[in-house]
Amino acid sequence: MNLPEVVHARHLAQLGYLQEILEETGLVTNLLEKSEAIPLHVLMAGFQEDAKGRERFLHFSFLPLNDEEITSVQLLQIYSTLPFHLGEGLRGEVGEVLLEINTRLPVGHFGINEQGELHYRYVYSIPASSTFESEQVLEILSLFVYMCDMFVEYIDKVASGEATAEHVVSALRG
């Protein structure tokens, strides 16, 4: 979707404000402006390492909307690639576990993209007429990280072949 430059400018300004909120909490951020290589502005933020000491990053970008049809909301995507790889031939097994986990999540979902990367994603709806409320954003991020941390070990075990989907689903239901 080809967005008007005024929309891109608004998104860049809002991501800049979000960057300030995140930096005030001590997070290291990097705001990437749209280019030929990146179709949308993206704010990246490093957050706490996982239980195995692996680096993790949050990616924030506004999803393109037709401003003529949808005028009251903006959709901010919060996305994090999980810090491990999907083992060969395990896509179906991991898919079963993701399905089970996703039924338990109050926000967002885990998924596998076309390249086989595992991720956690949440789309946050904000009124088009307002900007970010610092406390609200930080609570959403806290919930995002908590949900990611709560289930990532289960996904990692199946993605690495250490456990079967059947075993993990049983443990989740147990």
# chains A, B, ... in the order shown; residues from 1 in each chain; ligands from 1
call {"tool": "closest_atom_pairs", "arguments": {"of": "range 14-36 of chain A", "to": "range 58-76 of chain A", "cutoff": "12 Å", "atoms": "only C-alpha atoms", "output": "CSV"}}
result
residue,atom,partner,partner_atom,distance
A:Gln14,CA,A:Phe62,CA,9.4
A:Leu15,CA,A:Ser61,CA,7.7
A:Gly16,CA,A:Phe60,CA,10.9
A:Leu18,CA,A:Phe60,CA,9.1
A:Gln19,CA,A:Phe60,CA,9.7
A:Leu22,CA,A:Leu58,CA,10.8
A:Leu27,CA,A:Leu58,CA,10.4
A:Val28,CA,A:Leu58,CA,10.5
A:Thr29,CA,A:Leu58,CA,9.2
A:Asn30,CA,A:His59,CA,9.6
A:Leu31,CA,A:Phe60,CA,9.3
A:Leu32,CA,A:Ser61,CA,10.0
A:Glu33,CA,A:Ser61,CA,10.5
A:Lys34,CA,A:Ser61,CA,10.4
call {"tool": "write_last_selection", "arguments": {"atoms": "N, CA and C atoms", "output": "PDB file, in the first residue's frame"}}
result
ATOM      1  N   GLN A  14       5.662   9.745  15.729  1.00  0.00           N
ATOM      2  CA  GLN A  14       5.148   8.936  16.836  1.00  0.00           C
ATOM      3  C   GLN A  14       6.182   7.897  17.289  1.00  0.00           C
ATOM      4  N   LEU A  15       6.884   7.300  16.345  1.00  0.00           N
ATOM      5  CA  LEU A  15       7.936   6.353  16.728  1.00  0.00           C
ATOM      6  C   LEU A  15       9.067   7.079  17.458  1.00  0.00           C
ATOM      7  N   GLY A  16       9.329   8.329  17.081  1.00  0.00           N
ATOM      8  CA  GLY A  16      10.325   9.130  17.793  1.00  0.00           C
ATOM      9  C   GLY A  16       9.909   9.378  19.231  1.00  0.00           C
ATOM     10  N   LEU A  18       7.833   7.420  20.940  1.00  0.00           N
ATOM     11  CA  LEU A  18       7.946   6.105  21.580  1.00  0.00           C
ATOM     12  C   LEU A  18       9.405   5.811  21.933  1.00  0.00           C
ATOM     13  N   GLN A  19      10.315   6.200  21.060  1.00  0.00           N
ATOM     14  CA  GLN A  19      11.748   6.020  21.319  1.00  0.00           C
ATOM     15  C   GLN A  19      12.145   6.742  22.610  1.00  0.00           C
ATOM     16  N   LEU A  22      10.922   4.763  25.642  1.00  0.00           N
ATOM     17  CA  LEU A  22      11.716   3.564  25.877  1.00  0.00           C
ATOM     18  C   LEU A  22      13.111   3.900  26.401  1.00  0.00           C
ATOM     19  N   LEU A  27      16.288   1.456  27.921  1.00  0.00           N
ATOM     20  CA  LEU A  27      16.448   0.589  26.754  1.00  0.00           C
ATOM     21  C   LEU A  27      17.261   1.296  25.675  1.00  0.00           C
ATOM     22  N   VAL A  28      18.084   0.533  24.980  1.00  0.00           N
ATOM     23  CA  VAL A  28      18.846   1.055  23.855  1.00  0.00           C
ATOM     24  C   VAL A  28      17.972   0.900  22.617  1.00  0.00           C
ATOM     25  N   THR A  29      17.816   1.989  21.861  1.00  0.00           N
ATOM     26  CA  THR A  29      16.919   1.970  20.710  1.00  0.00           C
ATOM     27  C   THR A  29      17.628   2.444  19.448  1.00  0.00           C
ATOM     28  N   ASN A  30      17.004   2.139  18.309  1.00  0.00           N
ATOM     29  CA  ASN A  30      17.496   2.603  17.015  1.00  0.00           C
ATOM     30  C   ASN A  30      16.284   2.804  16.119  1.00  0.00           C
ATOM     31  N   LEU A  31      16.085   4.024  15.643  1.00  0.00           N
ATOM     32  CA  LEU A  31      14.960   4.335  14.773  1.00  0.00           C
ATOM     33  C   LEU A  31      15.444   4.321  13.324  1.00  0.00           C
ATOM     34  N   LEU A  32      14.911   3.384  12.546  1.00  0.00           N
ATOM     35  CA  LEU A  32      15.285   3.239  11.138  1.00  0.00           C
ATOM     36  C   LEU A  32      14.202   3.874  10.276  1.00  0.00           C
ATOM     37  N   GLU A  33      14.590   4.866   9.491  1.00  0.00           N
ATOM     38  CA  GLU A  33      13.620   5.511   8.617  1.00  0.00           C
ATOM     39  C   GLU A  33      13.398   4.667   7.372  1.00  0.00           C
ATOM     40  N   LYS A  34      12.201   4.778   6.808  1.00  0.00           N
ATOM     41  CA  LYS A  34      11.874   3.995   5.615  1.00  0.00           C
ATOM     42  C   LYS A  34      12.842   4.334   4.491  1.00  0.00           C
TER      43      LYS A  34
END
call {"tool": "select_by_dssp", "arguments": {"residues": "range 9-77 of chain A", "states": "strand (DSSP E)", "output": "PyMOL selection string"}}
result
chain A and resi 29-32+42-47+56-62+73-77
call {"tool": "closest_residue", "arguments": {"among": "A:Phe132, A:Glu55, A:Tyr79, A:Ser125", "to": "Asn113 in chain A", "atoms": "only C-alpha atoms"}}
result
A:Tyr79
call {"tool": "residues_around", "arguments": {"residues": "range 81-96 of chain A", "least_positions_apart": "3", "cutoff": "6 Å", "atoms": "only C-alpha atoms", "output": "list in words"}}
result
Leu99, Leu118, His119, Val158, Ala159, Ser160 and Ala165 of chain A
call {"tool": "write_last_selection", "arguments": {"atoms": "N, CA, C and O atoms", "output": "PDB file, in the first residue's frame"}}
result
ATOM      1  N   LEU A  99      -0.059 -23.422  18.389  1.00  0.00           N
ATOM      2  CA  LEU A  99      -1.522 -23.413  18.437  1.00  0.00           C
ATOM      3  C   LEU A  99      -2.018 -23.543  19.875  1.00  0.00           C
ATOM      4  O   LEU A  99      -2.909 -22.814  20.315  1.00  0.00           O
ATOM      5  N   LEU A 118      10.859 -17.909  14.059  1.00  0.00           N
ATOM      6  CA  LEU A 118       9.815 -17.924  15.083  1.00  0.00           C
ATOM      7  C   LEU A 118       9.714 -16.529  15.679  1.00  0.00           C
ATOM      8  O   LEU A 118      10.725 -15.855  15.887  1.00  0.00           O
ATOM      9  N   HIS A 119       8.479 -16.097  15.957  1.00  0.00           N
ATOM     10  CA  HIS A 119       8.306 -14.747  16.468  1.00  0.00           C
ATOM     11  C   HIS A 119       7.116 -14.668  17.417  1.00  0.00           C
ATOM     12  O   HIS A 119       6.276 -15.557  17.467  1.00  0.00           O
ATOM     13  N   VAL A 158      10.831 -27.711  21.592  1.00  0.00           N
ATOM     14  CA  VAL A 158      10.312 -28.419  20.421  1.00  0.00           C
ATOM     15  C   VAL A 158      11.083 -28.001  19.166  1.00  0.00           C
ATOM     16  O   VAL A 158      11.422 -28.837  18.329  1.00  0.00           O
ATOM     17  N   ALA A 159      11.405 -26.717  19.045  1.00  0.00           N
ATOM     18  CA  ALA A 159      12.132 -26.217  17.876  1.00  0.00           C
ATOM     19  C   ALA A 159      13.518 -26.820  17.771  1.00  0.00           C
ATOM     20  O   ALA A 159      14.050 -27.002  16.670  1.00  0.00           O
ATOM     21  N   SER A 160      14.104 -27.184  18.906  1.00  0.00           N
ATOM     22  CA  SER A 160      15.450 -27.783  18.905  1.00  0.00           C
ATOM     23  C   SER A 160      15.411 -29.301  18.802  1.00  0.00           C
ATOM     24  O   SER A 160      16.445 -29.939  18.639  1.00  0.00           O
ATOM     25  N   ALA A 165       6.134 -32.310  20.422  1.00  0.00           N
ATOM     26  CA  ALA A 165       4.948 -31.482  20.601  1.00  0.00           C
ATOM     27  C   ALA A 165       3.987 -32.153  21.573  1.00  0.00           C
ATOM     28  O   ALA A 165       3.405 -31.496  22.444  1.00  0.00           O
TER      29      ALA A 165
END
call {"tool": "closest_residue", "arguments": {"among": "A:Ile112, A:Val97, A:Val42, A:Ile140", "to": "Ile126 in chain A", "atoms": "only C-alpha atoms"}}
result
A:Ile140
